[in-house]
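The file upload20.csv comes next; it holds CSV, C-alpha atoms.
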```csv
chain,number,residue,atom,x,y,z
A,1,MET,CA,-59.3,104.3,-25.0
A,2,TYR,CA,-59.2,102.8,-21.5
A,3,ILE,CA,-59.9,99.3,-22.9
A,4,LEU,CA,-57.1,99.7,-25.5
A,5,TRP,CA,-54.7,100.8,-22.8
A,6,GLU,CA,-55.6,97.8,-20.6
A,7,ILE,CA,-55.0,95.4,-23.6
A,8,ILE,CA,-51.6,97.0,-24.2
A,9,LYS,CA,-50.7,96.7,-20.5
A,10,PHE,CA,-51.8,93.0,-20.6
A,11,ILE,CA,-49.6,92.3,-23.6
A,12,LEU,CA,-46.6,94.0,-22.2
A,13,ASN,CA,-47.0,92.1,-18.9
A,14,VAL,CA,-47.2,88.8,-20.7
A,15,LEU,CA,-44.1,89.7,-22.8
A,16,ALA,CA,-42.2,90.7,-19.6
A,17,ILE,CA,-43.2,87.5,-17.8
A,18,THR,CA,-42.4,85.3,-20.8
A,19,THR,CA,-39.0,86.9,-21.3
A,20,ILE,CA,-38.1,86.5,-17.6
A,21,VAL,CA,-39.1,82.8,-17.7
A,22,ASP,CA,-37.1,82.3,-21.0
A,23,ILE,CA,-34.0,83.9,-19.4
A,24,ILE,CA,-34.3,81.6,-16.4
A,25,LEU,CA,-34.8,78.5,-18.5
A,26,MET,CA,-32.6,79.2,-21.5
A,27,GLY,CA,-30.1,81.7,-20.3
A,28,PRO,CA,-29.5,85.3,-21.3
A,29,LEU,CA,-28.5,86.3,-24.8
A,30,LEU,CA,-25.7,88.7,-25.8
A,31,ILE,CA,-27.1,91.0,-28.6
A,32,HIS,CA,-24.5,91.3,-31.3
A,33,PHE,CA,-25.1,92.7,-34.7
A,34,GLU,CA,-22.5,93.7,-37.3
A,35,LYS,CA,-22.9,95.9,-40.4
A,36,LYS,CA,-21.4,93.6,-43.0
A,37,ALA,CA,-19.5,90.4,-43.4
A,38,LYS,CA,-15.7,90.7,-43.9
A,39,HIS,CA,-15.7,88.0,-46.6
A,40,THR,CA,-18.1,87.1,-49.4
A,41,GLU,CA,-17.5,83.5,-48.6
A,42,PHE,CA,-15.5,81.5,-46.0
A,43,PHE,CA,-15.0,77.9,-45.1
A,44,VAL,CA,-13.5,76.5,-41.9
A,45,THR,CA,-10.9,73.9,-43.0
A,46,PRO,CA,-9.6,71.1,-40.8
A,47,ARG,CA,-6.5,71.9,-38.8
A,48,PRO,CA,-3.5,69.4,-38.8
A,49,GLU,CA,-4.4,68.6,-35.2
A,50,THR,CA,-8.1,68.0,-35.8
A,51,VAL,CA,-9.2,64.7,-34.2
A,52,LYS,CA,-11.3,62.5,-36.4
A,53,THR,CA,-13.9,59.9,-35.2
A,54,GLU,CA,-13.2,56.2,-34.8
A,55,ASN,CA,-14.5,55.8,-38.4
A,56,ASP,CA,-11.8,58.1,-39.7
A,57,THR,CA,-14.4,60.8,-40.6
A,58,TYR,CA,-15.0,64.3,-39.2
A,59,PHE,CA,-18.7,63.6,-38.7
A,60,GLU,CA,-20.6,61.4,-36.3
A,61,PHE,CA,-24.3,60.9,-36.2
A,62,GLN,CA,-26.8,61.0,-33.3
A,63,GLY,CA,-29.6,58.6,-32.5
A,64,ALA,CA,-32.9,59.9,-31.2
A,65,GLY,CA,-31.4,63.1,-29.7
A,66,GLY,CA,-28.3,64.7,-28.1
A,67,CYS,CA,-27.6,67.3,-30.8
A,68,ALA,CA,-26.2,69.6,-28.1
A,69,GLY,CA,-23.5,67.0,-27.3
A,70,PHE,CA,-22.7,66.2,-30.9
A,71,SER,CA,-22.3,69.8,-32.0
A,72,SER,CA,-20.1,70.5,-29.0
A,73,ALA,CA,-18.1,67.4,-29.6
A,74,PHE,CA,-17.5,68.6,-33.2
A,75,VAL,CA,-16.1,71.9,-32.0
A,76,LEU,CA,-13.9,70.0,-29.5
A,77,ARG,CA,-12.5,67.8,-32.2
A,78,HIS,CA,-11.7,70.8,-34.3
A,79,MET,CA,-9.7,72.1,-31.3
A,80,GLY,CA,-7.7,68.8,-31.2
A,81,GLN,CA,-9.6,67.1,-28.4
A,82,ALA,CA,-11.0,63.6,-28.7
A,83,ALA,CA,-14.7,63.8,-28.1
A,84,LYS,CA,-17.8,61.6,-28.8
A,85,GLY,CA,-21.2,63.2,-29.1
A,86,ASP,CA,-23.1,60.7,-26.9
A,87,GLU,CA,-20.5,60.9,-24.1
A,88,ILE,CA,-20.3,64.7,-24.3
A,89,PHE,CA,-24.1,65.0,-24.1
A,90,LYS,CA,-23.9,63.4,-20.6
A,91,GLU,CA,-21.8,66.3,-19.5
A,92,VAL,CA,-24.1,69.0,-20.9
A,93,PRO,CA,-26.1,70.7,-18.2
A,94,TYR,CA,-29.7,71.8,-18.4
A,95,THR,CA,-31.0,68.8,-20.4
A,96,TYR,CA,-34.3,67.0,-20.1
A,97,GLY,CA,-36.3,64.3,-21.8
A,98,ASN,CA,-34.9,62.2,-24.6
A,99,GLY,CA,-31.7,64.0,-25.7
A,100,VAL,CA,-33.1,67.6,-25.4
A,101,ALA,CA,-31.0,70.5,-24.0
A,102,PHE,CA,-31.8,74.1,-23.2
A,103,PRO,CA,-29.6,76.7,-25.1
A,104,LYS,CA,-27.7,77.6,-21.9
A,105,GLY,CA,-26.5,74.0,-21.7
A,106,ILE,CA,-24.0,74.7,-24.5
A,107,THR,CA,-22.4,77.7,-22.6
A,108,GLY,CA,-22.6,75.7,-19.3
A,109,PHE,CA,-20.7,72.7,-20.9
A,110,PHE,CA,-17.9,74.8,-22.4
A,111,LYS,CA,-17.6,76.7,-19.1
A,112,LYS,CA,-16.8,73.4,-17.4
A,113,ARG,CA,-14.1,72.8,-20.1
A,114,GLU,CA,-12.7,76.3,-19.3
A,115,ILE,CA,-13.6,77.5,-22.8
A,116,LYS,CA,-15.4,80.9,-22.9
A,117,MET,CA,-18.6,80.7,-25.0
A,118,LYS,CA,-21.4,83.3,-25.2
A,119,ALA,CA,-24.9,82.7,-26.5
A,120,CYS,CA,-25.7,85.5,-28.9
A,121,MET,CA,-28.6,86.9,-30.8
A,122,GLY,CA,-27.4,88.6,-34.0
A,123,ASN,CA,-27.7,89.0,-37.7
A,124,LEU,CA,-26.2,87.0,-40.6
A,125,ALA,CA,-23.1,89.3,-40.8
A,126,ALA,CA,-22.3,88.7,-37.1
A,127,LEU,CA,-22.6,85.0,-37.6
A,128,GLN,CA,-20.4,85.1,-40.7
A,129,ASN,CA,-17.7,87.1,-39.0
A,130,GLU,CA,-17.7,84.8,-36.1
A,131,LEU,CA,-17.2,81.9,-38.4
A,132,ALA,CA,-14.3,83.7,-40.2
A,133,ARG,CA,-12.4,83.6,-36.9
A,134,GLY,CA,-11.6,80.0,-37.9
A,135,ASN,CA,-13.8,77.9,-35.7
A,136,PRO,CA,-17.1,76.0,-36.4
A,137,VAL,CA,-20.0,78.0,-35.0
A,138,ILE,CA,-22.9,76.3,-33.2
A,139,VAL,CA,-26.3,77.7,-34.0
A,140,VAL,CA,-29.8,77.0,-32.8
A,141,ILE,CA,-32.3,76.3,-35.7
A,142,ARG,CA,-35.6,74.8,-36.3
A,143,SER,CA,-35.5,71.2,-37.3
A,144,PHE,CA,-37.9,72.1,-40.2
A,145,VAL,CA,-39.3,75.4,-41.4
A,146,GLY,CA,-42.4,76.2,-39.5
A,147,LYS,CA,-41.9,73.5,-36.9
A,148,SER,CA,-41.2,74.3,-33.2
A,149,PHE,CA,-38.7,71.5,-32.4
A,150,LEU,CA,-35.1,73.0,-32.2
A,151,HIS,CA,-31.8,71.6,-33.2
A,152,PHE,CA,-28.1,72.4,-32.5
A,153,ALA,CA,-25.8,72.2,-35.4
A,154,CYS,CA,-22.4,73.6,-36.5
A,155,ILE,CA,-22.0,76.1,-39.3
A,156,THR,CA,-18.7,75.6,-41.1
A,157,GLY,CA,-19.0,77.7,-44.2
A,158,TYR,CA,-21.0,80.1,-46.3
A,159,ASP,CA,-21.0,81.8,-49.7
A,160,LYS,CA,-23.5,84.1,-51.5
A,161,GLU,CA,-26.1,81.4,-52.0
A,162,ASN,CA,-25.7,78.8,-49.2
A,163,ILE,CA,-24.9,78.0,-45.6
A,164,TYR,CA,-22.8,74.9,-45.0
A,165,PHE,CA,-23.3,72.6,-42.0
A,166,ALA,CA,-21.6,69.9,-40.1
A,167,ASP,CA,-24.8,68.2,-39.1
A,168,SER,CA,-25.2,65.2,-36.8
A,169,ILE,CA,-28.5,64.0,-38.3
A,170,LYS,CA,-27.7,61.5,-41.0
A,171,ASP,CA,-30.9,61.8,-42.9
A,172,TRP,CA,-30.1,65.5,-43.6
A,173,VAL,CA,-26.7,64.8,-45.1
A,174,ASN,CA,-26.7,65.9,-48.8
A,175,VAL,CA,-23.0,66.0,-49.5
A,176,ASP,CA,-20.8,62.9,-50.1
A,177,ALA,CA,-17.4,64.5,-50.0
A,178,ALA,CA,-16.6,68.1,-49.4
A,179,LYS,CA,-13.5,69.4,-51.2
A,180,SER,CA,-12.1,72.8,-51.9
A,181,PRO,CA,-10.9,73.8,-55.4
A,182,ASP,CA,-7.3,72.8,-54.5
A,183,GLY,CA,-8.5,69.4,-53.5
A,184,SER,CA,-8.2,69.8,-49.7
A,185,GLU,CA,-10.8,68.4,-47.4
A,186,LEU,CA,-13.6,70.6,-46.0
A,187,TYR,CA,-15.9,70.4,-43.0
A,188,TYR,CA,-19.4,70.1,-44.2
A,189,ASN,CA,-21.9,67.4,-45.0
A,190,ARG,CA,-25.1,69.5,-45.5
A,191,ILE,CA,-25.8,72.5,-47.7
A,192,VAL,CA,-28.8,74.7,-47.0
A,193,PRO,CA,-29.8,77.6,-49.3
A,194,LEU,CA,-29.4,80.9,-47.6
A,195,LYS,CA,-33.1,81.8,-47.9
A,196,GLU,CA,-34.1,78.5,-46.2
A,197,PHE,CA,-31.5,79.0,-43.5
A,198,LYS,CA,-32.9,82.3,-42.5
A,199,LYS,CA,-36.2,80.7,-41.9
A,200,LEU,CA,-34.7,77.9,-39.9
A,201,TRP,CA,-32.6,80.3,-37.9
A,202,ASN,CA,-35.6,82.4,-37.0
A,203,THR,CA,-36.7,80.4,-33.9
A,204,SER,CA,-39.0,83.2,-32.5
A,205,MET,CA,-42.4,81.9,-31.3
A,206,LEU,CA,-45.0,82.8,-28.7
A,207,LYS,CA,-43.2,80.9,-25.9
A,208,MET,CA,-39.8,82.6,-26.8
A,209,PRO,CA,-40.5,85.7,-28.8
A,210,PHE,CA,-37.0,87.2,-28.3
A,211,TYR,CA,-35.0,84.0,-28.8
A,212,PHE,CA,-34.1,83.9,-32.5
A,213,ASN,CA,-30.9,84.1,-34.6
A,214,ILE,CA,-29.0,82.3,-31.9
A,215,TYR,CA,-25.3,81.5,-32.3
A,216,TYR,CA,-22.4,80.9,-29.9
A,217,LYS,CA,-19.5,83.2,-29.8
A,218,MET,CA,-16.1,81.8,-28.6
A,219,GLU,CA,-14.3,84.6,-26.8
A,220,LYS,CA,-10.9,83.1,-27.1
A,221,PRO,CA,-10.8,80.6,-30.1
A,222,GLU,CA,-8.0,78.2,-30.3
A,223,LYS,CA,-5.2,79.1,-32.7
```
Could I get this file's structure written as structure tokens?
Amino acid sequence: MYILWEIIKFILNVLAITTIVDIILMGPLLIHFEKKAKHTEFFVTPRPETVKTENDTYFEFQGAGGCAGFSSAFVLRHMGQAAKGDEIFKEVPYTYGNGVAFPKGITGFFKKREIKMKACMGNLAALQNELARGNPVIVVIRSFVGKSFLHFACITGYDKENIYFADSIKDWVNVDAAKSPDGSELYYNRIVPLKEFKKLWNTSMLKMPFYFNIYYKMEKPEK
């Protein structure tokens, strides 16, 4: 019994230390769960003031890295501000290596732009309801199911079967032209089945056991 208690104490101490280190490195998370989504499907549509890229497209693609900058730039363009992903990435704090950023870099960047953004850990309904407020939502996902490398991307729509992305990695684009039933343009270039998305969104691992289902909540979205 004594040995079992010592093992439990050791595991709890490791979890506590790991969590403290994660909070320092990646920032705290606001826990936000909701009972159900308000809509069975929702798509963020371009606003009249949305700024397109120089190539007259809503999407731009990264090179080796910088997804934190490219996803942030997409949100800014939706808000009517000219923004290029590679230039925005230079403004993102808490970065290291070749285009890699810690999750708190997103909140730090938007704080510099006087836009209130909170990093949250929640469920699918919370993510869907945040999207239904009318802005693209940045999420942290795995690059591939079962792999540890993380990726920032924007969610711009969902329905009962799929999650719709505005993704900055060109190789993952699987939609040529996104149109609504009425023929208007939509914001997505990648479709991921809901079942696969849940696996990608679950970023929990030994080094960050409590960092999963991460999305960014804009406190005062542009109207």
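Atom pair CA of Arg77 (chain A) / CA of Val145 (chain A) has a distance of 29.3 Å (rounded to one decimal).
With distances restricted to all atoms listed in the file, A:Ala68 is the closest residue to Leu150 (chain A) from A:Ala68, A:Ala119, A:Ala177, A:Leu131.
CA of Ala178 (chain A) is found 20.1 Å from CA of His39 (chain A).
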What are the closest atom pairs, with distances in Å to one decimal, for each residue of region 119-205 of chain A lying within 6 Å of region 55-67 of chain A, using only C-alpha atoms, rows by chain and rising residue number, as CSV?
```
residue,atom,partner,partner_atom,distance
A:Phe152,CA,A:Cys67,CA,5.4
A:Ser168,CA,A:Phe61,CA,4.4
A:Ile169,CA,A:Phe61,CA,5.6
A:Lys170,CA,A:Phe61,CA,5.9
```
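Across the model, the gap from CA of Gly157 (chain A) to CA of Leu194 (chain A) is 11.4 Å.
Minimum atom-to-atom distance to Phe102 (chain A), evaluated using all atoms listed in the file, belongs to A:Ile23 out of A:Ile23, A:Met79, A:Val44, A:Met121.
Using only C-alpha atoms for every distance, the candidate list A:Leu186, A:Ala166, A:Val100, A:Ile155 yields A:Leu186 as the residue closest to Arg47 (chain A).
Minimum atom-to-atom distances from A:Met26, A:Gly80, A:Lys36, A:Asp159 to Pro93 (chain A) were compared using all atoms listed in the file, and the lowest value belongs to A:Met26.
If all atoms listed in the file are the atoms counted, then among A:Pro46, A:Gly105, A:Gly122, A:Gly69 the closest residue to Asn213 (chain A) is A:Gly122.
Proximity ranking of A:Tyr216, A:Tyr158, A:Tyr188, A:Phe33 relative to Val173 (chain A) places A:Tyr188 first, based on all atoms listed in the file.
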Would you list the contacts of Asp167 (chain A) as a ChimeraX atom specification, taking every protein, DNA or RNA residue within 7 Å and counting only C-alpha atoms, but skipping same-chain residues closer than 5 positions in sequence?
/A:153-154,189-190
Exercise: Phe197 (chain A) partners within 10 Å, all atoms listed in the file, chain neighbours under 5 positions left out, as a PyMOL selection string:
chain A and resi 141-142+144-145+162-164+191-192+202
Given 8 Å of margin on each side, can you work out the centre and size in Å (one decimal) of an axis-aligned box holding every listed atom of region 73-92 of chain A, as AutoDock Vina command-line options?
```
--center_x -15.9 --center_y 66.4 --center_z -26.9 --size_x 32.4 --size_y 27.4 --size_z 30.8
```
Go ahead and find all residues with at least one atom no further than 9 Å from (-23.8, 77.3, -22.3) in the file's coordinates, using all atoms listed in the file; report them as a PyMOL selection string.
chain A and resi 27+92-94+102-111+117-119+216
